[in-house]
file my_file01.tsv (TSV, C-alpha atoms)
chain	number	residue	atom	x	y	z
D	9	MET	CA	67.85	103.74	121.74
D	10	THR	CA	71.08	102.21	123.07
D	11	THR	CA	74.00	104.63	123.18
D	12	ILE	CA	77.26	103.32	121.74
D	13	ASP	CA	80.51	104.94	122.88
D	14	ALA	CA	83.50	104.56	120.55
D	15	ASP	CA	85.86	105.07	123.52
D	16	LYS	CA	84.31	102.41	125.76
D	17	PRO	CA	86.12	99.05	125.96
D	18	ARG	CA	84.10	96.22	124.45
D	19	ASP	CA	84.02	92.71	125.93
D	20	THR	CA	82.41	91.13	122.88
D	21	VAL	CA	83.07	91.38	119.17
D	22	ASP	CA	80.78	93.93	117.51
D	23	PRO	CA	80.22	92.89	113.88
D	24	LYS	CA	79.61	96.54	112.92
D	25	MET	CA	82.88	97.78	114.34
D	26	ILE	CA	86.03	97.68	112.20
D	27	ASP	CA	88.81	96.95	114.71
D	28	GLY	CA	91.80	98.93	113.50
D	29	LYS	CA	93.88	97.89	116.49
D	30	ALA	CA	93.51	94.19	115.71
D	31	ILE	CA	94.17	94.61	111.99
D	32	ALA	CA	97.19	96.84	112.67
D	33	LYS	CA	98.55	94.26	115.13
D	34	ALA	CA	98.27	91.54	112.48
D	35	LEU	CA	99.97	93.71	109.87
D	36	THR	CA	102.77	94.69	112.25
D	37	ALA	CA	103.38	91.01	113.05
D	38	ARG	CA	103.65	90.26	109.33
D	39	VAL	CA	106.06	93.18	108.90
D	40	ALA	CA	108.20	91.86	111.77
D	41	GLU	CA	108.34	88.47	110.03
D	42	GLY	CA	109.37	90.23	106.83
D	43	VAL	CA	112.08	92.18	108.65
D	44	ARG	CA	113.56	88.95	110.03
D	45	ALA	CA	113.47	87.32	106.59
D	46	PHE	CA	115.04	90.38	104.97
D	47	HIS	CA	117.84	90.43	107.53
D	48	ALA	CA	118.48	86.72	107.04
D	49	GLU	CA	118.66	87.18	103.28
D	50	CYS	CA	120.60	90.46	103.08
D	51	GLY	CA	122.19	90.95	106.50
D	52	VAL	CA	120.55	94.38	106.73
D	53	THR	CA	118.09	95.82	109.27
D	54	PRO	CA	115.65	98.35	107.79
D	55	GLY	CA	116.08	101.85	109.22
D	56	LEU	CA	113.46	104.59	109.55
D	57	ALA	CA	114.40	108.23	110.16
D	58	VAL	CA	111.70	110.51	111.56
D	59	VAL	CA	112.25	114.27	111.61
D	60	LEU	CA	110.24	116.53	113.95
D	61	VAL	CA	110.60	120.32	113.75
D	62	GLY	CA	109.32	122.18	116.79
D	63	ASN	CA	107.96	121.01	120.11
D	64	ASP	CA	104.26	120.43	119.51
D	65	PRO	CA	103.27	118.06	122.36
D	66	ALA	CA	100.86	115.99	120.24
D	67	SER	CA	103.45	115.54	117.49
D	68	GLU	CA	106.10	114.58	120.05
D	69	VAL	CA	103.88	111.83	121.45
D	70	TYR	CA	103.04	110.61	117.96
D	71	VAL	CA	106.70	110.53	116.87
D	72	LYS	CA	107.78	108.67	120.02
D	73	ASN	CA	105.04	106.11	119.40
D	74	LYS	CA	106.33	105.63	115.85
D	75	ALA	CA	109.82	105.02	117.22
D	76	LEU	CA	108.50	102.48	119.74
D	77	GLN	CA	106.54	100.57	117.08
D	78	THR	CA	109.55	100.66	114.74
D	79	HIS	CA	111.71	98.96	117.38
D	80	ARG	CA	108.99	96.41	118.13
D	81	ALA	CA	108.93	95.44	114.44
D	82	GLY	CA	112.69	94.78	114.60
D	83	MET	CA	113.76	97.88	112.66
D	84	ARG	CA	116.18	100.64	113.56
D	85	SER	CA	114.73	104.02	114.48
D	86	PHE	CA	116.55	107.33	114.01
D	87	MET	CA	114.86	110.40	115.52
D	88	HIS	CA	115.87	113.94	114.62
D	89	MET	CA	114.33	116.63	116.84
D	90	LEU	CA	114.90	120.13	115.45
D	91	PRO	CA	114.00	123.48	117.05
D	92	GLU	CA	110.98	125.51	115.98
D	93	THR	CA	113.30	128.12	114.47
D	94	THR	CA	114.96	125.72	112.02
D	95	GLU	CA	115.43	127.32	108.60
D	96	GLN	CA	114.55	125.54	105.38
D	97	GLU	CA	118.16	125.14	104.23
D	98	GLU	CA	119.03	123.45	107.52
D	99	LEU	CA	116.18	120.97	107.13
D	100	LEU	CA	116.99	120.31	103.48
D	101	ASP	CA	120.62	119.70	104.42
D	102	LEU	CA	119.54	117.07	106.96
D	103	ILE	CA	117.25	115.40	104.43
D	104	GLY	CA	120.11	115.33	101.92
D	105	ARG	CA	122.34	113.55	104.43
D	106	LEU	CA	119.58	111.04	105.23
D	107	ASN	CA	119.04	110.43	101.51
D	108	ASP	CA	122.75	109.49	101.22
D	109	ASP	CA	122.88	107.36	104.38
D	110	PRO	CA	122.77	103.62	103.53
D	111	LYS	CA	121.51	102.78	107.04
D	112	ILE	CA	118.33	104.79	106.34
D	113	HIS	CA	115.70	103.14	104.13
D	114	GLY	CA	112.76	105.38	104.98
D	115	ILE	CA	112.46	109.09	105.81
D	116	LEU	CA	109.40	110.77	107.30
D	117	VAL	CA	109.15	114.48	108.10
D	118	GLN	CA	106.35	115.00	110.60
D	119	LEU	CA	103.69	117.43	109.42
D	120	PRO	CA	102.57	120.15	109.95
D	121	LEU	CA	105.75	122.21	109.77
D	122	PRO	CA	106.43	125.70	111.18
D	123	THR	CA	105.34	128.51	108.88
D	124	GLN	CA	108.86	129.38	107.63
D	125	LEU	CA	109.14	125.92	106.04
D	126	ASP	CA	107.52	124.95	102.73
D	127	PRO	CA	106.04	121.44	103.12
D	128	VAL	CA	105.97	120.83	99.35
D	129	VAL	CA	109.66	121.66	98.94
D	130	VAL	CA	110.57	119.63	102.03
D	131	THR	CA	108.53	116.59	101.02
D	132	ASN	CA	109.92	116.58	97.49
D	133	ALA	CA	113.48	116.76	98.84
D	134	ILE	CA	113.11	113.22	100.18
D	135	ALA	CA	114.47	110.66	97.72
D	136	PRO	CA	111.43	108.89	96.14
D	137	HIS	CA	112.71	105.44	97.12
D	138	LYS	CA	112.87	106.59	100.77
D	139	ASP	CA	109.60	108.57	100.76
D	140	VAL	CA	107.76	106.15	103.06
D	141	ASP	CA	104.91	108.62	103.61
D	142	GLY	CA	104.30	108.52	99.84
D	143	LEU	CA	103.63	112.27	99.65
D	144	GLY	CA	106.35	113.37	97.22
D	145	GLU	CA	105.43	114.21	93.64
D	146	VAL	CA	107.08	111.06	92.23
D	147	ASN	CA	105.12	108.62	94.39
D	148	ALA	CA	101.94	110.70	94.03
D	149	GLY	CA	102.36	110.51	90.26
D	150	ARG	CA	102.94	106.78	90.38
D	151	LEU	CA	99.76	106.28	92.37
D	152	SER	CA	97.79	108.41	89.91
D	153	LEU	CA	99.16	106.42	86.96
D	154	GLY	CA	98.55	103.08	88.68
D	155	ILE	CA	102.20	102.02	88.70
D	156	PRO	CA	104.13	100.67	91.71
D	157	GLY	CA	105.33	103.14	94.30
D	158	LEU	CA	105.17	103.97	97.99
D	159	VAL	CA	101.57	104.72	98.93
D	160	PRO	CA	100.58	107.30	101.62
D	161	CYS	CA	100.20	105.50	104.93
D	162	THR	CA	96.80	106.72	106.10
D	163	PRO	CA	94.92	106.06	102.82
D	164	LEU	CA	96.61	102.66	102.57
D	165	GLY	CA	95.48	101.86	106.10
D	166	CYS	CA	91.93	102.92	105.23
D	167	LEU	CA	91.99	100.63	102.20
D	168	LEU	CA	93.01	97.65	104.32
D	169	LEU	CA	90.21	98.41	106.79
D	170	LEU	CA	87.75	98.44	103.89
D	171	ARG	CA	89.15	95.18	102.53
D	172	SER	CA	88.53	93.57	105.92
D	173	VAL	CA	84.77	93.91	105.38
D	174	HIS	CA	84.48	93.98	101.58
D	175	ARG	CA	85.92	91.14	99.55
D	176	ASP	CA	85.12	93.00	96.33
D	177	MET	CA	84.52	96.75	96.12
D	178	ALA	CA	84.10	96.88	92.34
D	179	GLY	CA	81.02	98.86	91.34
D	180	LYS	CA	80.38	100.33	94.79
D	181	HIS	CA	79.91	104.07	95.08
D	182	ALA	CA	82.64	105.42	97.33
D	183	VAL	CA	82.34	108.98	98.63
D	184	VAL	CA	85.41	110.69	100.07
D	185	ILE	CA	84.71	113.83	102.10
D	186	GLY	CA	87.91	115.87	102.11
D	187	ALA	CA	90.27	116.49	99.20
D	188	SER	CA	93.66	116.97	100.85
D	189	SER	CA	96.85	115.69	99.28
D	190	LEU	CA	97.53	113.81	102.53
D	191	VAL	CA	94.39	111.66	102.55
D	192	GLY	CA	91.48	112.61	100.30
D	193	LYS	CA	93.15	112.62	96.89
D	194	PRO	CA	95.25	109.46	97.34
D	195	MET	CA	92.27	107.73	98.95
D	196	ALA	CA	90.19	108.45	95.85
D	197	GLN	CA	92.97	107.00	93.67
D	198	LEU	CA	93.12	103.81	95.72
D	199	LEU	CA	89.35	103.38	95.58
D	200	LEU	CA	89.43	103.83	91.80
D	201	ARG	CA	91.99	101.02	91.65
D	202	GLU	CA	89.52	98.84	93.56
D	203	GLY	CA	86.92	99.43	90.85
D	204	CYS	CA	84.74	101.84	92.82
D	205	THR	CA	82.81	104.74	91.36
D	206	VAL	CA	84.35	107.60	93.33
D	207	SER	CA	82.98	111.02	94.30
D	208	VAL	CA	85.01	113.56	96.29
D	209	GLY	CA	83.40	116.24	98.45
D	210	HIS	CA	85.31	119.37	99.46
D	211	VAL	CA	84.74	122.87	100.80
D	212	GLN	CA	83.08	124.00	97.54
D	213	THR	CA	80.67	121.05	97.36
D	214	ARG	CA	77.14	122.47	97.42
D	215	ASP	CA	75.39	119.62	99.22
D	216	PRO	CA	77.98	117.49	101.03
D	217	ALA	CA	75.34	115.74	103.13
D	218	GLY	CA	73.41	114.71	100.03
D	219	LEU	CA	76.60	113.49	98.38
D	220	ALA	CA	77.60	111.51	101.47
D	221	ARG	CA	74.20	109.77	101.54
D	222	GLU	CA	74.91	108.33	98.08
D	223	GLY	CA	77.93	106.37	99.28
D	224	ASP	CA	78.05	102.63	99.82
D	225	ILE	CA	81.45	103.54	101.26
D	226	LEU	CA	82.01	106.83	103.09
D	227	VAL	CA	85.54	107.97	103.97
D	228	VAL	CA	85.69	111.21	105.97
D	229	ALA	CA	88.97	113.12	106.28
D	230	THR	CA	88.29	116.82	106.88
D	231	GLY	CA	89.77	117.60	110.28
D	232	VAL	CA	86.41	119.12	111.28
D	233	ARG	CA	85.19	117.43	114.44
D	234	GLY	CA	81.62	116.15	114.24
D	235	LEU	CA	81.04	117.38	110.69
D	236	VAL	CA	79.26	114.24	109.52
D	237	ARG	CA	75.97	113.65	111.34
D	238	GLY	CA	73.93	110.47	111.35
D	239	ASP	CA	71.63	111.64	108.56
D	240	TRP	CA	74.65	111.95	106.24
D	241	VAL	CA	75.10	108.18	106.33
D	242	ARG	CA	73.32	105.87	103.92
D	243	GLU	CA	71.65	102.89	105.58
D	244	GLY	CA	74.14	100.00	105.60
D	245	ALA	CA	77.11	102.07	104.41
D	246	THR	CA	80.67	101.41	105.52
D	247	VAL	CA	82.06	104.48	107.30
D	248	ILE	CA	85.79	105.17	107.70
D	249	ASP	CA	86.48	108.12	110.03
D	250	VAL	CA	89.99	109.48	109.52
D	251	GLY	CA	89.50	112.56	111.69
D	252	ILE	CA	91.09	112.87	115.11
D	253	THR	CA	90.66	115.86	117.43
D	254	ARG	CA	91.47	116.07	121.12
D	255	VAL	CA	88.55	117.60	123.05
D	256	PRO	CA	88.08	118.41	126.77
D	257	THR	CA	85.69	116.38	128.93
D	258	GLU	CA	83.66	117.33	132.01
D	259	THR	CA	86.32	115.71	134.22
D	260	GLY	CA	88.99	118.09	132.98
D	261	LYS	CA	90.72	115.41	130.94
D	262	THR	CA	90.62	115.10	127.16
D	263	LYS	CA	89.40	112.47	124.74
D	264	LEU	CA	89.73	111.86	121.02
D	265	ALA	CA	86.84	112.54	118.65
D	266	GLY	CA	86.47	112.02	114.92
D	267	ASP	CA	84.95	113.88	111.99
D	268	VAL	CA	81.87	111.65	112.25
D	269	VAL	CA	79.38	111.88	115.13
D	270	PHE	CA	79.82	108.23	116.04
D	271	GLU	CA	76.70	107.83	118.21
D	272	GLU	CA	74.49	109.09	115.37
D	273	ALA	CA	76.22	107.25	112.53
D	274	TYR	CA	76.51	103.87	114.25
D	275	PRO	CA	72.82	102.86	114.04
D	276	ARG	CA	72.73	103.54	110.29
D	277	ALA	CA	76.13	102.15	109.30
D	278	GLY	CA	76.74	98.60	108.18
D	279	HIS	CA	80.36	98.89	109.35
D	280	ILE	CA	82.17	101.78	111.03
D	281	THR	CA	85.58	102.64	112.48
D	282	PRO	CA	85.78	104.00	116.03
D	283	VAL	CA	87.92	106.94	117.13
D	284	PRO	CA	90.30	106.06	118.67
D	285	GLY	CA	91.14	102.52	117.60
D	286	GLY	CA	90.25	102.71	113.92
D	287	VAL	CA	92.44	104.45	111.36
D	288	GLY	CA	95.18	105.69	113.73
D	289	PRO	CA	96.85	102.35	114.47
D	290	MET	CA	96.74	101.47	110.77
D	291	THR	CA	98.70	104.58	109.80
D	292	ILE	CA	101.69	103.53	111.90
D	293	ALA	CA	101.45	99.88	110.80
D	294	CYS	CA	101.46	100.97	107.15
D	295	LEU	CA	104.46	103.23	107.81
D	296	LEU	CA	106.35	100.14	109.02
D	297	HIS	CA	105.18	98.21	105.97
D	298	ASN	CA	106.38	100.98	103.65
D	299	THR	CA	109.78	101.08	105.35
D	300	LEU	CA	110.23	97.35	104.78
D	301	GLU	CA	109.08	97.78	101.17
D	302	ALA	CA	111.63	100.55	100.67
D	303	ALA	CA	114.41	98.40	102.13
D	304	ARG	CA	113.50	95.46	99.91
D	305	LEU	CA	113.37	97.59	96.79
D	306	GLY	CA	116.66	99.23	97.72
D	307	ALA	CA	118.25	95.79	97.91
D	308	GLY	CA	116.92	94.86	94.48
D	309	LEU	CA	114.25	92.51	95.82
D	310	SER	CA	110.60	92.42	94.81
D	311	ALA	CA	108.12	94.28	96.98
D	312	GLY	CA	105.81	92.36	99.31
D	313	GLY	CA	102.87	94.42	98.08
D	314	LEU	CA	99.63	95.26	99.85
D	315	LEU	CA	98.15	96.36	96.54
D	316	GLU	CA	98.52	93.17	94.55
D	317	ALA	CA	95.29	91.81	93.09
D	318	ASP	CA	94.75	89.39	95.96
D	319	GLY	CA	97.56	89.91	98.45
D	320	THR	CA	97.41	91.80	101.68
D	321	VAL	CA	100.67	90.50	103.18
D	322	GLY	CA	98.92	87.75	105.04
D	323	LEU	CA	95.84	89.82	105.91
D	324	GLU	CA	92.77	88.10	104.50
D	325	ARG	CA	90.08	89.98	102.66
D	326	ALA	CA	86.53	89.59	103.90
D	327	SER	CA	85.05	86.28	102.87

call {"tool": "encode", "arguments": {"input": "my_file01.tsv", "output": "structure tokens"}}
result
Amino acid sequence: MTTIDADKPRDTVDPKMIDGKAIAKALTARVAEGVRAFHAECGVTPGLAVVLVGNDPASEVYVKNKALQTHRAGMRSFMHMLPETTEQEELLDLIGRLNDDPKIHGILVQLPLPTQLDPVVVTNAIAPHKDVDGLGEVNAGRLSLGIPGLVPCTPLGCLLLLRSVHRDMAGKHAVVIGASSLVGKPMAQLLLREGCTVSVGHVQTRDPAGLAREGDILVVATGVRGLVRGDWVREGATVIDVGITRVPTETGKTKLAGDVVFEEAYPRAGHITPVPGGVGPMTIACLLHNTLEAARLGAGLSAGGLLEADGTVGLERAS
């Protein structure tokens, strides 16, 4: 059997592989066009504020990459690096000032937070119209009720990856493994909006492998490296691997691995995302999209809308 490595560069297009880098690049280009049009119409450049508490090296790299991509899309980036010892009142005070700042259209507080900080309180302190990560209770409620709001970036990115290979998902059985408020729960809501029959597996699920095998679509977001083996995947299923863990290699360096054992799942899957190069790039691209949406809505303009019945902001659904 041929071994497929998700990390290995590919010279030819693999019809099984969902190329998150390419789709994210297309979305970012469309966002940049939207930023230019918004500036021409309103004379305003969208601004994104990212707050990082502590000095976790992985988070620092991720936040700097967000800032770089924000600039590339033509937006303004405002980074706030706070010490590990920051108290909750200090952080809430900063968020309050960002809420009131007209130059700031989107606010993102990088998670996880140090233990002295309550992520629910912090997230809900962000003004709903600036909550570009879509994790506050107002936007979560809007998503649950099916009314317009800012949608969490990672689930939205997963949805666009699925749309790239499925023109119509209505009636498909979608299984989400992982029930977090960050990914699993909003992902299930988005799939319901697509007309899927949705099942959610979590730590109390008695037979997660059996549940996973029922899915025409399988989205895995547990944070447990290699949890999903090849025999969890239904023949021909579309697999979206949200997990990302840095693991050491024999050379002493590290590489990224997902929640799905890629080499085992690939032969059975109809379509699959690699790690890296799948969901990760889409998360940042959708953050940029949400920031532009927030700026447009703040100016009293209609949203561009990735969740309209047919529209994907210039990104075509599968034919």

call {"tool": "closest_atom_pairs", "arguments": {"input": "my_file01.tsv", "of": "stretch 39-82 of chain D", "to": "stretch 115-139 of chain D", "cutoff": "9 Å", "atoms": "only C-alpha atoms", "output": "CSV"}}
result
residue,atom,partner,partner_atom,distance
D:Gly55,CA,D:Ile115,CA,8.8
D:Leu56,CA,D:Ile115,CA,5.9
D:Ala57,CA,D:Ile115,CA,4.8
D:Val58,CA,D:Leu116,CA,4.8
D:Val59,CA,D:Val117,CA,4.7
D:Leu60,CA,D:Gln118,CA,5.4
D:Val61,CA,D:Leu121,CA,6.6
D:Gly62,CA,D:Pro122,CA,7.2
D:Ser67,CA,D:Gln118,CA,7.5
D:Val71,CA,D:Gln118,CA,7.7

call {"tool": "atom_distance", "arguments": {"input": "my_file01.tsv", "atom1": "atom CA of D:Ile252", "atom2": "atom CA of D:Gly285"}}
result
10.6 Å

call {"tool": "atom_distance", "arguments": {"input": "my_file01.tsv", "atom1": "atom CA of D:Glu145", "atom2": "atom CA of D:Asn298"}}
result
16.6 Å

call {"tool": "closest_residue", "arguments": {"input": "my_file01.tsv", "among": "D:Arg84, D:His210, D:Lys29, D:Arg201", "to": "D:Leu296", "atoms": "all atoms listed in the file"}}
result
D:Arg84

call {"tool": "residues_around", "arguments": {"input": "my_file01.tsv", "residues": "D:Thr253", "least_positions_apart": "4", "cutoff": "10 Å", "atoms": "all atoms listed in the file", "output": "list in words"}}
result
Gly231, Val232, Arg233, Gly234, Thr262, Lys263, Leu264, Ala265, Gly266, Asp267, Val283 and Pro284 of chain D

call {"tool": "atom_distance", "arguments": {"input": "my_file01.tsv", "atom1": "atom CA of D:Phe270", "atom2": "atom CA of D:Arg242"}}
result
14.0 Å

call {"tool": "residues_near_point", "arguments": {"input": "my_file01.tsv", "point": "(89.9, 110.1, 109.0)", "cutoff": "6 Å", "atoms": "all atoms listed in the file", "output": "PDB file with C-alpha atoms, in the frame of the given file"}}
result
ATOM      1  CA  VAL D 228      85.690 111.210 105.970  1.00  0.00           C
ATOM      2  CA  ALA D 229      88.970 113.120 106.280  1.00  0.00           C
ATOM      3  CA  ASP D 249      86.480 108.120 110.030  1.00  0.00           C
ATOM      4  CA  VAL D 250      89.990 109.480 109.520  1.00  0.00           C
ATOM      5  CA  GLY D 251      89.500 112.560 111.690  1.00  0.00           C
TER       6      GLY D 251
END

call {"tool": "closest_residue", "arguments": {"input": "my_file01.tsv", "among": "D:Thr36, D:Gly218, D:Val247, D:Thr93", "to": "D:Arg80", "atoms": "all atoms listed in the file"}}
result
D:Thr36

call {"tool": "residues_around", "arguments": {"input": "my_file01.tsv", "residues": "stretch 220-225 of chain D", "least_positions_apart": "2", "cutoff": "7 Å", "atoms": "all atoms listed in the file", "output": "number ranges by chain"}}
result
D: 180-183, 216-218, 227, 240-242, 245-247

call {"tool": "build_atoms", "arguments": {"input": "my_file01.tsv", "residues": "stretch 215-240 of chain D", "atoms": "N, CA and C atoms", "output": "PDB file, in the frame of the given file"}}
result
ATOM      1  N   ASP D 215      76.218 120.400  98.308  1.00  0.00           N
ATOM      2  CA  ASP D 215      75.390 119.620  99.220  1.00  0.00           C
ATOM      3  C   ASP D 215      76.183 118.407  99.685  1.00  0.00           C
ATOM      4  N   PRO D 216      77.144 118.615 100.596  1.00  0.00           N
ATOM      5  CA  PRO D 216      77.980 117.490 101.030  1.00  0.00           C
ATOM      6  C   PRO D 216      77.188 116.388 101.719  1.00  0.00           C
ATOM      7  N   ALA D 217      76.145 116.758 102.453  1.00  0.00           N
ATOM      8  CA  ALA D 217      75.340 115.740 103.130  1.00  0.00           C
ATOM      9  C   ALA D 217      74.633 114.855 102.104  1.00  0.00           C
ATOM     10  N   GLY D 218      74.082 115.478 101.070  1.00  0.00           N
ATOM     11  CA  GLY D 218      73.410 114.710 100.030  1.00  0.00           C
ATOM     12  C   GLY D 218      74.382 113.802  99.299  1.00  0.00           C
ATOM     13  N   LEU D 219      75.589 114.307  99.031  1.00  0.00           N
ATOM     14  CA  LEU D 219      76.600 113.490  98.380  1.00  0.00           C
ATOM     15  C   LEU D 219      76.993 112.308  99.259  1.00  0.00           C
ATOM     16  N   ALA D 220      77.208 112.578 100.548  1.00  0.00           N
ATOM     17  CA  ALA D 220      77.600 111.510 101.470  1.00  0.00           C
ATOM     18  C   ALA D 220      76.562 110.397 101.517  1.00  0.00           C
ATOM     19  N   ARG D 221      75.280 110.772 101.469  1.00  0.00           N
ATOM     20  CA  ARG D 221      74.200 109.770 101.540  1.00  0.00           C
ATOM     21  C   ARG D 221      74.167 108.837 100.336  1.00  0.00           C
ATOM     22  N   GLU D 222      74.871 109.191  99.258  1.00  0.00           N
ATOM     23  CA  GLU D 222      74.910 108.330  98.080  1.00  0.00           C
ATOM     24  C   GLU D 222      75.936 107.209  98.208  1.00  0.00           C
ATOM     25  N   GLY D 223      76.800 107.285  99.216  1.00  0.00           N
ATOM     26  CA  GLY D 223      77.930 106.370  99.280  1.00  0.00           C
ATOM     27  C   GLY D 223      77.629 105.031  99.909  1.00  0.00           C
ATOM     28  N   ASP D 224      77.989 103.955  99.193  1.00  0.00           N
ATOM     29  CA  ASP D 224      78.050 102.630  99.820  1.00  0.00           C
ATOM     30  C   ASP D 224      79.230 102.596 100.786  1.00  0.00           C
ATOM     31  N   ILE D 225      80.257 103.359 100.431  1.00  0.00           N
ATOM     32  CA  ILE D 225      81.450 103.540 101.260  1.00  0.00           C
ATOM     33  C   ILE D 225      81.610 105.037 101.494  1.00  0.00           C
ATOM     34  N   LEU D 226      81.838 105.409 102.742  1.00  0.00           N
ATOM     35  CA  LEU D 226      82.010 106.830 103.090  1.00  0.00           C
ATOM     36  C   LEU D 226      83.297 106.984 103.880  1.00  0.00           C
ATOM     37  N   VAL D 227      84.268 107.689 103.297  1.00  0.00           N
ATOM     38  CA  VAL D 227      85.540 107.970 103.970  1.00  0.00           C
ATOM     39  C   VAL D 227      85.566 109.463 104.274  1.00  0.00           C
ATOM     40  N   VAL D 228      85.755 109.808 105.543  1.00  0.00           N
ATOM     41  CA  VAL D 228      85.690 111.210 105.970  1.00  0.00           C
ATOM     42  C   VAL D 228      87.047 111.631 106.514  1.00  0.00           C
ATOM     43  N   ALA D 229      87.646 112.649 105.882  1.00  0.00           N
ATOM     44  CA  ALA D 229      88.970 113.120 106.280  1.00  0.00           C
ATOM     45  C   ALA D 229      89.031 114.634 106.098  1.00  0.00           C
ATOM     46  N   THR D 230      88.373 115.357 106.996  1.00  0.00           N
ATOM     47  CA  THR D 230      88.290 116.820 106.880  1.00  0.00           C
ATOM     48  C   THR D 230      89.016 117.554 107.994  1.00  0.00           C
ATOM     49  N   GLY D 231      89.211 116.911 109.134  1.00  0.00           N
ATOM     50  CA  GLY D 231      89.770 117.600 110.280  1.00  0.00           C
ATOM     51  C   GLY D 231      88.763 118.485 111.000  1.00  0.00           C
ATOM     52  N   VAL D 232      87.484 118.340 110.643  1.00  0.00           N
ATOM     53  CA  VAL D 232      86.410 119.120 111.280  1.00  0.00           C
ATOM     54  C   VAL D 232      85.632 118.179 112.198  1.00  0.00           C
ATOM     55  N   ARG D 233      85.817 118.340 113.489  1.00  0.00           N
ATOM     56  CA  ARG D 233      85.190 117.430 114.440  1.00  0.00           C
ATOM     57  C   ARG D 233      83.665 117.457 114.324  1.00  0.00           C
ATOM     58  N   GLY D 234      83.066 116.276 114.238  1.00  0.00           N
ATOM     59  CA  GLY D 234      81.620 116.150 114.240  1.00  0.00           C
ATOM     60  C   GLY D 234      80.935 116.692 113.002  1.00  0.00           C
ATOM     61  N   LEU D 235      81.643 116.846 111.902  1.00  0.00           N
ATOM     62  CA  LEU D 235      81.040 117.380 110.690  1.00  0.00           C
ATOM     63  C   LEU D 235      79.937 116.480 110.158  1.00  0.00           C
ATOM     64  N   VAL D 236      80.187 115.183 110.133  1.00  0.00           N
ATOM     65  CA  VAL D 236      79.260 114.240 109.520  1.00  0.00           C
ATOM     66  C   VAL D 236      78.291 113.717 110.578  1.00  0.00           C
ATOM     67  N   ARG D 237      77.019 114.075 110.414  1.00  0.00           N
ATOM     68  CA  ARG D 237      75.970 113.650 111.340  1.00  0.00           C
ATOM     69  C   ARG D 237      75.359 112.332 110.861  1.00  0.00           C
ATOM     70  N   GLY D 238      74.534 111.757 111.687  1.00  0.00           N
ATOM     71  CA  GLY D 238      73.930 110.470 111.350  1.00  0.00           C
ATOM     72  C   GLY D 238      73.155 110.485 110.054  1.00  0.00           C
ATOM     73  N   ASP D 239      72.450 111.602 109.762  1.00  0.00           N
ATOM     74  CA  ASP D 239      71.630 111.640 108.560  1.00  0.00           C
ATOM     75  C   ASP D 239      72.448 111.840 107.278  1.00  0.00           C
ATOM     76  N   TRP D 240      73.777 111.935 107.413  1.00  0.00           N
ATOM     77  CA  TRP D 240      74.650 111.950 106.240  1.00  0.00           C
ATOM     78  C   TRP D 240      74.957 110.527 105.761  1.00  0.00           C
TER      79      TRP D 240
END
